[in-house]
2 protein chains.
Amino acid sequence: MKRKWIVGLLLWLVAGSALEGPARNKVSVAEKLGFARDAKLLIVHADDVGMTHAVNAATIKALESSGVNSASIMVPCPWFPEIAEYAKAHPDTDFGLHLTLTSERVYYRWGPVAPRDKVASLVDPNGYFWHDWAAERRIDPKEVELELRAQIERAYAMGIRPTHLDSHQYRLYENGKDVFEVLLRIAHEKNLPFFVVRDWFAEHPYLESSLSPTDIVIDHTVTMNPSVPPEKWAEFYTTAIKNLQPGVTEFVIHVAFADEEMKAATRERDTWGAAWRQRDFDFFTSAEFRQLLAQQKIQLVNWRELARAR
Amino acid sequence: MKRKWIVGLLLWLVAGSALEGPARNKVSVAEKLGFARDAKLLIVHADDVGMTHAVNAATIKALESSGVNSASIMVPCPWFPEIAEYAKAHPDTDFGLHLTLTSERVYYRWGPVAPRDKVASLVDPNGYFWHDWAAERRIDPKEVELELRAQIERAYAMGIRPTHLDSHQYRLYENGKDVFEVLLRIAHEKNLPFFVVRDWFAEHPYLESSLSPTDIVIDHTVTMNPSVPPEKWAEFYTTAIKNLQPGVTEFVIHVAFADEEMKAATRERDTWGAAWRQRDFDFFTSAEFRQLLAQQKIQLVNWRELARAR
């Protein structure tokens, strides 16, 4: 989890580099989509759909009120069938798959879709995904591939037609070239764009070196981090919006209603907990957020549109 | 599910037979526990613990307010870790294992604890337990045994010391001798009493013929059934309590709070749904219920006590 906010903070350090370096002489994603080179394009992306009913209900409400324009779904989670049903009934909604290899909570847990004896390096002694991947944990990339294929297969079988792929808790980006290349191989095979951000290349050079020329690279990402106190939530996002750089930025947000289920599921720690997610819901469904987008001349794009830029 | 209320109704047809037939010349369970032969002993048993947070929270509250004195836990369900933690911290609470082979809801589902390719007859094409066992479904008793052993192993590994075993949706009783004998074999091996009711013998003779002389047999069971309208809930239970027969009766009840999670998890049908379970919670935690028990001179026993009668 620690890396997540470091990634978030990194944005602030490197923001503005979108037009520097390797991207300078290429046609940008914005241009391929028909926007000006300096257009500010934003994906407001809700992660973790399927995790709980409270996440599903809040995500659906945020999508339908246009506060969020893209989201990704966790196939191994118990509330996956609820969101699969919704996705099938709303085929135009921009749902990707939030490929999941960890089960980070204490009182509410999930495990692999693949047979667990075939993905032994991914599961703890009780058969759940590990809470986290400790540095010394040996993760078998072949088992990662088997599990991701099982998740994607279940998603298609239950009626989802994903627009993109991304990775729960950034596991597929931060754990070496072999694991990242599993994502890449599957994404290319399924012809799906996947979330990868130019700002991450400095920390993980294999991300850039493994990519194909046609892969879409997002310029920036913004995500809330635990150093921001609750009363500064709107200020954090407002600052991010007012300082949005040209190119494509993805806001990675986590919405849920802070009801009994969500409070119980996340009660061992506040980070990415029920109140955190309610604050994200409240900000991104607010009139304030919509006014900021208009004032700053920010255009929303989703992954279905980005796919056309390839 | 249909069989469940037939079982419930059967009680009313055969109630009173406890002192008839095979039991007549034997020392009764009540006597073995030191009660008079005509004592009225009651287990107020909450099923389905672990299914959702709303079930866990309501069961804990009902146990702590003494409205319920025994309960059983579904190991494959996502909220199992929450109740395992509670059970470990409350080792005197009478928790059994509610052995689970079906995932009967639509929007919220679970699958096997054993590797799913090793229990292929138990899982649907998406990897969840079947919603129900259709008459033509071929269930492999060897796979039932593998799965039940995996559930029991996870329960012990996560700190539960079960007082008894029973079966979600009566699957282990109603699907033939081979399946019932899996329960019997495991219960004997683990030295655990298991829920089986004399009133069921007429419909399923193999239940009686498979038992060992030392197995505990409950005389009667009462459970709510879908023909009872919500406004008659208290009347149904009150009638059952006032007509309680000598011997040991288990009230099989289903408690939960009718909150957002529970309403969403059960929204496709009302039977055993959120409102149903809230009504069970309300009745069994009421002063009315406690007064009835006192008036009728009914003694509560739990499975830990029954185990001593063997």
# chains A, B, ... in the order shown; residues from 1 in each chain; ligands from 1
$ select_by_dssp --residues "region 215-271 of chain A" --states "helix (DSSP H, G or I)" --output "PyMOL selection string"
chain A and resi 230-242+260-265
$ write_last_selection --atoms "N, CA and C atoms" --output "short mmCIF file (atom, residue, chain, number, x, y, z; two decimals), in the first residue's frame"
data_model
loop_
_atom_site.label_atom_id
_atom_site.label_comp_id
_atom_site.auth_asym_id
_atom_site.auth_seq_id
_atom_site.Cartn_x
_atom_site.Cartn_y
_atom_site.Cartn_z
N PRO A 230 -8.75 14.19 6.10
CA PRO A 230 -10.10 14.20 5.53
C PRO A 230 -10.60 15.59 5.14
N GLU A 231 -10.30 16.59 5.94
CA GLU A 231 -10.84 17.93 5.66
C GLU A 231 -10.14 18.58 4.46
N LYS A 232 -9.04 17.99 4.00
CA LYS A 232 -8.32 18.56 2.84
C LYS A 232 -8.62 17.80 1.54
N TRP A 233 -9.58 16.87 1.61
CA TRP A 233 -9.88 16.00 0.46
C TRP A 233 -10.19 16.83 -0.80
N ALA A 234 -11.18 17.73 -0.69
CA ALA A 234 -11.59 18.52 -1.85
C ALA A 234 -10.44 19.40 -2.32
N GLU A 235 -9.67 19.91 -1.36
CA GLU A 235 -8.54 20.78 -1.71
C GLU A 235 -7.49 20.02 -2.54
N PHE A 236 -7.22 18.78 -2.12
CA PHE A 236 -6.24 17.95 -2.85
C PHE A 236 -6.67 17.79 -4.30
N TYR A 237 -7.93 17.37 -4.49
CA TYR A 237 -8.39 17.14 -5.87
C TYR A 237 -8.51 18.45 -6.65
N THR A 238 -8.93 19.53 -5.97
CA THR A 238 -9.07 20.81 -6.65
C THR A 238 -7.72 21.30 -7.16
N THR A 239 -6.72 21.17 -6.32
CA THR A 239 -5.35 21.53 -6.72
C THR A 239 -4.92 20.70 -7.92
N ALA A 240 -5.20 19.39 -7.85
CA ALA A 240 -4.80 18.51 -8.95
C ALA A 240 -5.49 18.92 -10.25
N ILE A 241 -6.76 19.28 -10.15
CA ILE A 241 -7.52 19.65 -11.35
C ILE A 241 -7.00 20.98 -11.91
N LYS A 242 -6.76 21.93 -11.01
CA LYS A 242 -6.29 23.24 -11.48
C LYS A 242 -4.89 23.17 -12.08
N GLU A 260 -22.76 -0.09 6.87
CA GLU A 260 -22.31 -1.10 7.84
C GLU A 260 -21.36 -2.11 7.20
N GLU A 261 -21.72 -2.56 5.99
CA GLU A 261 -20.88 -3.54 5.31
C GLU A 261 -19.48 -2.99 5.08
N MET A 262 -19.41 -1.77 4.52
CA MET A 262 -18.12 -1.21 4.13
C MET A 262 -17.28 -0.88 5.37
N LYS A 263 -17.97 -0.38 6.40
CA LYS A 263 -17.23 -0.07 7.64
C LYS A 263 -16.64 -1.34 8.24
N ALA A 264 -17.44 -2.41 8.23
CA ALA A 264 -16.95 -3.67 8.80
C ALA A 264 -15.83 -4.27 7.96
N ALA A 265 -15.95 -4.16 6.64
CA ALA A 265 -14.97 -4.80 5.75
C ALA A 265 -13.60 -4.13 5.84
#
$ interface_residues --of "chain A" --to "chain B" --cutoff "7 Å" --atoms "only C-alpha atoms" --output "ChimeraX atom specification"
/A:53,78-79,81-82,107-110,115-117,126,154,261
$ closest_atom_pairs --of "region 95-205 of chain B" --to "region 212-219 of chain B" --cutoff "7 Å" --atoms "only C-alpha atoms" --output "Markdown table"
| residue | atom | partner | partner_atom | distance |
| --- | --- | --- | --- | --- |
| B:Pro193 | CA | B:Ile216 | CA | 6.6 |
| B:Val196 | CA | B:Val217 | CA | 5.6 |
| B:Val197 | CA | B:Ile218 | CA | 4.7 |
| B:Arg198 | CA | B:Asp219 | CA | 5.2 |
| B:Asp199 | CA | B:Asp219 | CA | 6.7 |
$ write_last_selection --atoms "all heavy atoms" --output "PDB file, in the first residue's frame"
ATOM      1  N   PRO B 193     -20.691 -34.221  17.427  1.00  0.00           N
ATOM      2  CA  PRO B 193     -22.103 -34.512  17.181  1.00  0.00           C
ATOM      3  C   PRO B 193     -22.576 -33.754  15.934  1.00  0.00           C
ATOM      4  O   PRO B 193     -21.954 -32.762  15.530  1.00  0.00           O
ATOM      5  CB  PRO B 193     -22.807 -33.984  18.434  1.00  0.00           C
ATOM      6  CG  PRO B 193     -21.890 -32.967  19.000  1.00  0.00           C
ATOM      7  CD  PRO B 193     -20.496 -33.347  18.594  1.00  0.00           C
ATOM      8  N   VAL B 196     -29.175 -34.263  13.323  1.00  0.00           N
ATOM      9  CA  VAL B 196     -30.047 -35.185  12.606  1.00  0.00           C
ATOM     10  C   VAL B 196     -31.298 -35.351  13.474  1.00  0.00           C
ATOM     11  O   VAL B 196     -31.201 -35.330  14.714  1.00  0.00           O
ATOM     12  CB  VAL B 196     -29.347 -36.526  12.277  1.00  0.00           C
ATOM     13  CG1 VAL B 196     -29.010 -37.305  13.535  1.00  0.00           C
ATOM     14  CG2 VAL B 196     -30.170 -37.365  11.316  1.00  0.00           C
ATOM     15  N   VAL B 197     -32.442 -35.444  12.840  1.00  0.00           N
ATOM     16  CA  VAL B 197     -33.710 -35.338  13.556  1.00  0.00           C
ATOM     17  C   VAL B 197     -34.553 -36.590  13.323  1.00  0.00           C
ATOM     18  O   VAL B 197     -34.723 -37.023  12.174  1.00  0.00           O
ATOM     19  CB  VAL B 197     -34.493 -34.082  13.086  1.00  0.00           C
ATOM     20  CG1 VAL B 197     -35.775 -33.915  13.897  1.00  0.00           C
ATOM     21  CG2 VAL B 197     -33.622 -32.841  13.207  1.00  0.00           C
ATOM     22  N   ARG B 198     -35.049 -37.135  14.412  1.00  0.00           N
ATOM     23  CA  ARG B 198     -35.869 -38.343  14.345  1.00  0.00           C
ATOM     24  C   ARG B 198     -37.049 -38.182  13.372  1.00  0.00           C
ATOM     25  O   ARG B 198     -37.398 -39.123  12.663  1.00  0.00           O
ATOM     26  CB  ARG B 198     -36.398 -38.668  15.762  1.00  0.00           C
ATOM     27  CG  ARG B 198     -36.925 -40.072  15.941  1.00  0.00           C
ATOM     28  CD  ARG B 198     -37.354 -40.352  17.378  1.00  0.00           C
ATOM     29  NE  ARG B 198     -36.350 -39.978  18.382  1.00  0.00           N
ATOM     30  CZ  ARG B 198     -35.220 -40.660  18.615  1.00  0.00           C
ATOM     31  NH1 ARG B 198     -34.953 -41.755  17.940  1.00  0.00           N
ATOM     32  NH2 ARG B 198     -34.375 -40.241  19.548  1.00  0.00           N
ATOM     33  N   ASP B 199     -37.613 -36.992  13.343  1.00  0.00           N
ATOM     34  CA  ASP B 199     -38.770 -36.759  12.466  1.00  0.00           C
ATOM     35  C   ASP B 199     -38.451 -36.933  10.978  1.00  0.00           C
ATOM     36  O   ASP B 199     -39.356 -37.014  10.156  1.00  0.00           O
ATOM     37  CB  ASP B 199     -39.321 -35.335  12.674  1.00  0.00           C
ATOM     38  CG  ASP B 199     -39.908 -35.149  14.063  1.00  0.00           C
ATOM     39  OD1 ASP B 199     -40.167 -36.159  14.750  1.00  0.00           O
ATOM     40  OD2 ASP B 199     -40.114 -33.984  14.459  1.00  0.00           O
TER      41      ASP B 199
END
$ atom_distance --atom1 "CA of Arg304 (chain A)" --atom2 "CA of Ala256 (chain A)"
23.7 Å
$ residues_around --residues "Gly96 (chain A)" --least-positions-apart "3" --cutoff "6 Å" --atoms "only C-alpha atoms" --output "PDB file with all heavy atoms, in the first residue's frame"
ATOM      1  N   SER A  72     -13.142  -0.219 -13.039  1.00  0.00           N
ATOM      2  CA  SER A  72     -12.667  -1.582 -13.324  1.00  0.00           C
ATOM      3  C   SER A  72     -13.069  -2.530 -12.208  1.00  0.00           C
ATOM      4  O   SER A  72     -13.173  -2.163 -11.041  1.00  0.00           O
ATOM      5  CB  SER A  72     -11.169  -1.602 -13.613  1.00  0.00           C
ATOM      6  OG  SER A  72     -10.417  -1.126 -12.547  1.00  0.00           O
ATOM      7  N   PRO A 162     -14.858  -6.243 -21.448  1.00  0.00           N
ATOM      8  CA  PRO A 162     -14.039  -5.176 -20.834  1.00  0.00           C
ATOM      9  C   PRO A 162     -13.436  -4.239 -21.873  1.00  0.00           C
ATOM     10  O   PRO A 162     -13.090  -4.660 -22.974  1.00  0.00           O
ATOM     11  CB  PRO A 162     -12.937  -5.949 -20.096  1.00  0.00           C
ATOM     12  CG  PRO A 162     -12.879  -7.288 -20.759  1.00  0.00           C
ATOM     13  CD  PRO A 162     -14.270  -7.579 -21.237  1.00  0.00           C
ATOM     14  N   THR A 163     -13.326  -2.976 -21.474  1.00  0.00           N
ATOM     15  CA  THR A 163     -12.715  -1.980 -22.358  1.00  0.00           C
ATOM     16  C   THR A 163     -11.217  -1.836 -22.107  1.00  0.00           C
ATOM     17  O   THR A 163     -10.515  -1.247 -22.918  1.00  0.00           O
ATOM     18  CB  THR A 163     -13.362  -0.601 -22.128  1.00  0.00           C
ATOM     19  OG1 THR A 163     -13.193  -0.247 -20.745  1.00  0.00           O
ATOM     20  CG2 THR A 163     -14.854  -0.624 -22.471  1.00  0.00           C
ATOM     21  N   HIS A 164     -10.741  -2.338 -20.953  1.00  0.00           N
ATOM     22  CA  HIS A 164      -9.324  -2.181 -20.616  1.00  0.00           C
ATOM     23  C   HIS A 164      -8.965  -3.103 -19.452  1.00  0.00           C
ATOM     24  O   HIS A 164      -9.853  -3.705 -18.841  1.00  0.00           O
ATOM     25  CB  HIS A 164      -9.016  -0.726 -20.244  1.00  0.00           C
ATOM     26  CG  HIS A 164      -9.726  -0.227 -19.018  1.00  0.00           C
ATOM     27  ND1 HIS A 164     -11.093  -0.015 -18.983  1.00  0.00           N
ATOM     28  CD2 HIS A 164      -9.278   0.088 -17.776  1.00  0.00           C
ATOM     29  CE1 HIS A 164     -11.444   0.422 -17.787  1.00  0.00           C
ATOM     30  NE2 HIS A 164     -10.366   0.483 -17.034  1.00  0.00           N
ATOM     31  N   LEU A 165      -7.684  -3.174 -19.165  1.00  0.00           N
ATOM     32  CA  LEU A 165      -7.197  -3.963 -18.035  1.00  0.00           C
ATOM     33  C   LEU A 165      -6.388  -3.053 -17.118  1.00  0.00           C
ATOM     34  O   LEU A 165      -5.682  -2.155 -17.572  1.00  0.00           O
ATOM     35  CB  LEU A 165      -6.298  -5.106 -18.523  1.00  0.00           C
ATOM     36  CG  LEU A 165      -6.931  -6.130 -19.485  1.00  0.00           C
ATOM     37  CD1 LEU A 165      -5.870  -7.121 -19.965  1.00  0.00           C
ATOM     38  CD2 LEU A 165      -8.093  -6.865 -18.822  1.00  0.00           C
TER      39      LEU A 165
END
$ select_by_dssp --residues "region 205-237 of chain B" --states "strand (DSSP E)" --output "NGL selection string"
:B and (220-223)
$ residues_around --residues "Asn302 (chain B)" --least-positions-apart "5" --cutoff "9 Å" --atoms "only C-alpha atoms" --output "list in words"
Leu42, Ile43, Val44, His45, Asn69, Ser70, Asp94, Thr163 and Ala307 of chain B
$ closest_residue --among "B:Phe35, B:Tyr156, B:Phe289, B:Phe281" --to "Asp47 (chain B)" --atoms "only C-alpha atoms"
B:Phe281
$ atom_distance --atom1 "CA of Ala39 (chain B)" --atom2 "CA of Val301 (chain B)"
11.3 Å
$ residues_around --residues "Lys61 (chain A)" --least-positions-apart "4" --cutoff "10 Å" --atoms "only C-alpha atoms" --output "list in words"
Val55, Asn56, Ala57, Ser65, Ser66, Gly67, Val68, Val255, Ala256, Phe281 and Thr285 of chain A
$ write_last_selection --atoms "N, CA, C and O atoms" --output "mmCIF file, in the first residue's frame"
data_model
loop_
_atom_site.group_PDB
_atom_site.id
_atom_site.type_symbol
_atom_site.label_atom_id
_atom_site.label_comp_id
_atom_site.auth_asym_id
_atom_site.auth_seq_id
_atom_site.Cartn_x
_atom_site.Cartn_y
_atom_site.Cartn_z
ATOM 1 N N VAL A 55 -19.405 -0.761 -2.597
ATOM 2 C CA VAL A 55 -18.594 -0.260 -3.720
ATOM 3 C C VAL A 55 -19.415 -0.300 -5.002
ATOM 4 O O VAL A 55 -19.455 0.666 -5.764
ATOM 5 N N ASN A 56 -20.100 -1.413 -5.240
ATOM 6 C CA ASN A 56 -20.915 -1.515 -6.467
ATOM 7 C C ASN A 56 -21.976 -0.422 -6.525
ATOM 8 O O ASN A 56 -22.141 0.263 -7.544
ATOM 9 N N ALA A 57 -22.705 -0.263 -5.429
ATOM 10 C CA ALA A 57 -23.823 0.687 -5.420
ATOM 11 C C ALA A 57 -23.314 2.109 -5.633
ATOM 12 O O ALA A 57 -23.897 2.882 -6.409
ATOM 13 N N SER A 65 -24.396 9.338 -12.598
ATOM 14 C CA SER A 65 -24.453 10.790 -12.413
ATOM 15 C C SER A 65 -23.276 11.466 -13.118
ATOM 16 O O SER A 65 -23.062 12.661 -12.960
ATOM 17 N N SER A 66 -22.496 10.678 -13.889
ATOM 18 C CA SER A 66 -21.366 11.181 -14.674
ATOM 19 C C SER A 66 -20.217 11.719 -13.829
ATOM 20 O O SER A 66 -19.323 12.392 -14.346
ATOM 21 N N GLY A 67 -20.205 11.450 -12.548
ATOM 22 C CA GLY A 67 -19.071 11.850 -11.714
ATOM 23 C C GLY A 67 -17.849 11.003 -12.023
ATOM 24 O O GLY A 67 -16.712 11.452 -11.878
ATOM 25 N N VAL A 68 -18.099 9.783 -12.442
ATOM 26 C CA VAL A 68 -17.046 8.835 -12.803
ATOM 27 C C VAL A 68 -17.355 8.413 -14.240
ATOM 28 O O VAL A 68 -18.523 8.265 -14.596
ATOM 29 N N VAL A 255 -14.538 4.632 -4.795
ATOM 30 C CA VAL A 255 -15.811 5.086 -4.232
ATOM 31 C C VAL A 255 -16.559 3.937 -3.557
ATOM 32 O O VAL A 255 -16.477 2.786 -3.975
ATOM 33 N N ALA A 256 -17.252 4.286 -2.481
ATOM 34 C CA ALA A 256 -18.157 3.345 -1.789
ATOM 35 C C ALA A 256 -19.035 4.169 -0.867
ATOM 36 O O ALA A 256 -18.706 5.322 -0.549
ATOM 37 N N PHE A 281 -16.496 9.432 -3.197
ATOM 38 C CA PHE A 281 -17.825 9.483 -3.826
ATOM 39 C C PHE A 281 -18.380 10.903 -3.749
ATOM 40 O O PHE A 281 -18.874 11.452 -4.741
ATOM 41 N N THR A 285 -19.019 13.261 -7.183
ATOM 42 C CA THR A 285 -20.419 13.447 -7.612
ATOM 43 C C THR A 285 -20.923 14.854 -7.251
ATOM 44 O O THR A 285 -22.113 15.123 -7.381
#
$ atom_distance --atom1 "CA of Thr100 (chain B)" --atom2 "CA of Glu143 (chain B)"
12.7 Å
$ residues_around --residues "Arg37 (chain A)" --least-positions-apart "2" --cutoff "10 Å" --atoms "only C-alpha atoms" --output "list in words"
Leu19, Val27, Ser28, Val29, Ala30, Glu31, Lys32, Gly34, Phe35, Ala39, Lys40, Pro246 and Gly247 of chain A
$ residues_around --residues "Lys142 (chain B)" --least-positions-apart "5" --cutoff "12 Å" --atoms "only C-alpha atoms" --output "list in words"
Lys118, Val119, Ala120, Ser121, Leu122, Glu147, Leu148, Arg149, Asp178, Val179, Phe180, Glu181, Val182, Leu183 and Arg185 of chain B
$ write_last_selection --atoms "N, CA and C atoms" --output "PDB file, in the first residue's frame"
ATOM      1  N   LYS B 118     -10.842 -30.228  -8.472  1.00  0.00           N
ATOM      2  CA  LYS B 118     -10.930 -31.510  -7.755  1.00  0.00           C
ATOM      3  C   LYS B 118     -12.357 -31.779  -7.253  1.00  0.00           C
ATOM      4  N   VAL B 119     -13.241 -30.790  -7.361  1.00  0.00           N
ATOM      5  CA  VAL B 119     -14.633 -30.972  -6.913  1.00  0.00           C
ATOM      6  C   VAL B 119     -15.585 -30.527  -8.031  1.00  0.00           C
ATOM      7  N   ALA B 120     -15.272 -31.014  -9.221  1.00  0.00           N
ATOM      8  CA  ALA B 120     -15.965 -30.540 -10.435  1.00  0.00           C
ATOM      9  C   ALA B 120     -17.475 -30.757 -10.382  1.00  0.00           C
ATOM     10  N   SER B 121     -17.941 -31.803  -9.713  1.00  0.00           N
ATOM     11  CA  SER B 121     -19.395 -32.049  -9.712  1.00  0.00           C
ATOM     12  C   SER B 121     -20.132 -31.045  -8.819  1.00  0.00           C
ATOM     13  N   LEU B 122     -19.400 -30.315  -7.995  1.00  0.00           N
ATOM     14  CA  LEU B 122     -20.034 -29.377  -7.060  1.00  0.00           C
ATOM     15  C   LEU B 122     -20.117 -27.952  -7.600  1.00  0.00           C
ATOM     16  N   GLU B 147     -14.373 -31.740  -0.248  1.00  0.00           N
ATOM     17  CA  GLU B 147     -14.756 -30.361   0.034  1.00  0.00           C
ATOM     18  C   GLU B 147     -15.060 -30.169   1.522  1.00  0.00           C
ATOM     19  N   LEU B 148     -15.791 -31.104   2.121  1.00  0.00           N
ATOM     20  CA  LEU B 148     -16.117 -30.944   3.546  1.00  0.00           C
ATOM     21  C   LEU B 148     -14.844 -30.982   4.390  1.00  0.00           C
ATOM     22  N   ARG B 149     -13.924 -31.865   4.024  1.00  0.00           N
ATOM     23  CA  ARG B 149     -12.650 -31.911   4.773  1.00  0.00           C
ATOM     24  C   ARG B 149     -11.878 -30.609   4.611  1.00  0.00           C
ATOM     25  N   ASP B 178     -25.184 -42.240   0.343  1.00  0.00           N
ATOM     26  CA  ASP B 178     -23.745 -42.042   0.148  1.00  0.00           C
ATOM     27  C   ASP B 178     -23.295 -40.666   0.626  1.00  0.00           C
ATOM     28  N   VAL B 179     -24.110 -39.669   0.328  1.00  0.00           N
ATOM     29  CA  VAL B 179     -23.764 -38.302   0.737  1.00  0.00           C
ATOM     30  C   VAL B 179     -23.904 -38.157   2.252  1.00  0.00           C
ATOM     31  N   PHE B 180     -24.976 -38.701   2.822  1.00  0.00           N
ATOM     32  CA  PHE B 180     -25.150 -38.629   4.282  1.00  0.00           C
ATOM     33  C   PHE B 180     -23.999 -39.336   4.998  1.00  0.00           C
ATOM     34  N   GLU B 181     -23.557 -40.454   4.433  1.00  0.00           N
ATOM     35  CA  GLU B 181     -22.482 -41.197   5.105  1.00  0.00           C
ATOM     36  C   GLU B 181     -21.138 -40.471   5.087  1.00  0.00           C
ATOM     37  N   VAL B 182     -20.987 -39.520   4.166  1.00  0.00           N
ATOM     38  CA  VAL B 182     -19.779 -38.670   4.211  1.00  0.00           C
ATOM     39  C   VAL B 182     -19.800 -37.844   5.501  1.00  0.00           C
ATOM     40  N   LEU B 183     -20.956 -37.225   5.776  1.00  0.00           N
ATOM     41  CA  LEU B 183     -21.095 -36.442   7.010  1.00  0.00           C
ATOM     42  C   LEU B 183     -20.817 -37.324   8.228  1.00  0.00           C
ATOM     43  N   ARG B 185     -19.152 -40.169   8.496  1.00  0.00           N
ATOM     44  CA  ARG B 185     -17.758 -40.621   8.589  1.00  0.00           C
ATOM     45  C   ARG B 185     -16.879 -39.505   9.174  1.00  0.00           C
TER      46      ARG B 185
END
$ decode --residues "region 238-258 of chain B" --atoms "C-alpha atoms" --output "PDB file, in the first residue's frame"
ATOM      1  CA  THR B 238     -45.387 -18.736  19.886  1.00  0.00           C
ATOM      2  CA  THR B 239     -47.572 -21.665  18.806  1.00  0.00           C
ATOM      3  CA  ALA B 240     -44.481 -23.813  18.335  1.00  0.00           C
ATOM      4  CA  ILE B 241     -43.193 -22.914  21.796  1.00  0.00           C
ATOM      5  CA  LYS B 242     -46.532 -23.515  23.492  1.00  0.00           C
ATOM      6  CA  ASN B 243     -46.802 -26.893  21.767  1.00  0.00           C
ATOM      7  CA  LEU B 244     -43.219 -27.914  22.320  1.00  0.00           C
ATOM      8  CA  GLN B 245     -42.986 -31.672  22.909  1.00  0.00           C
ATOM      9  CA  PRO B 246     -40.826 -33.446  25.474  1.00  0.00           C
ATOM     10  CA  GLY B 247     -37.341 -34.227  24.253  1.00  0.00           C
ATOM     11  CA  VAL B 248     -34.821 -32.072  22.426  1.00  0.00           C
ATOM     12  CA  THR B 249     -36.095 -29.639  19.777  1.00  0.00           C
ATOM     13  CA  GLU B 250     -33.883 -27.473  17.583  1.00  0.00           C
ATOM     14  CA  PHE B 251     -35.320 -24.214  16.288  1.00  0.00           C
ATOM     15  CA  VAL B 252     -33.428 -23.592  13.067  1.00  0.00           C
ATOM     16  CA  ILE B 253     -33.521 -19.822  12.610  1.00  0.00           C
ATOM     17  CA  HIS B 254     -31.845 -17.338  10.281  1.00  0.00           C
ATOM     18  CA  VAL B 255     -30.942 -13.965  11.743  1.00  0.00           C
ATOM     19  CA  ALA B 256     -29.546 -10.885  10.017  1.00  0.00           C
ATOM     20  CA  PHE B 257     -29.991  -7.148  10.011  1.00  0.00           C
ATOM     21  CA  ALA B 258     -32.024  -6.000   7.001  1.00  0.00           C
TER      22      ALA B 258
END
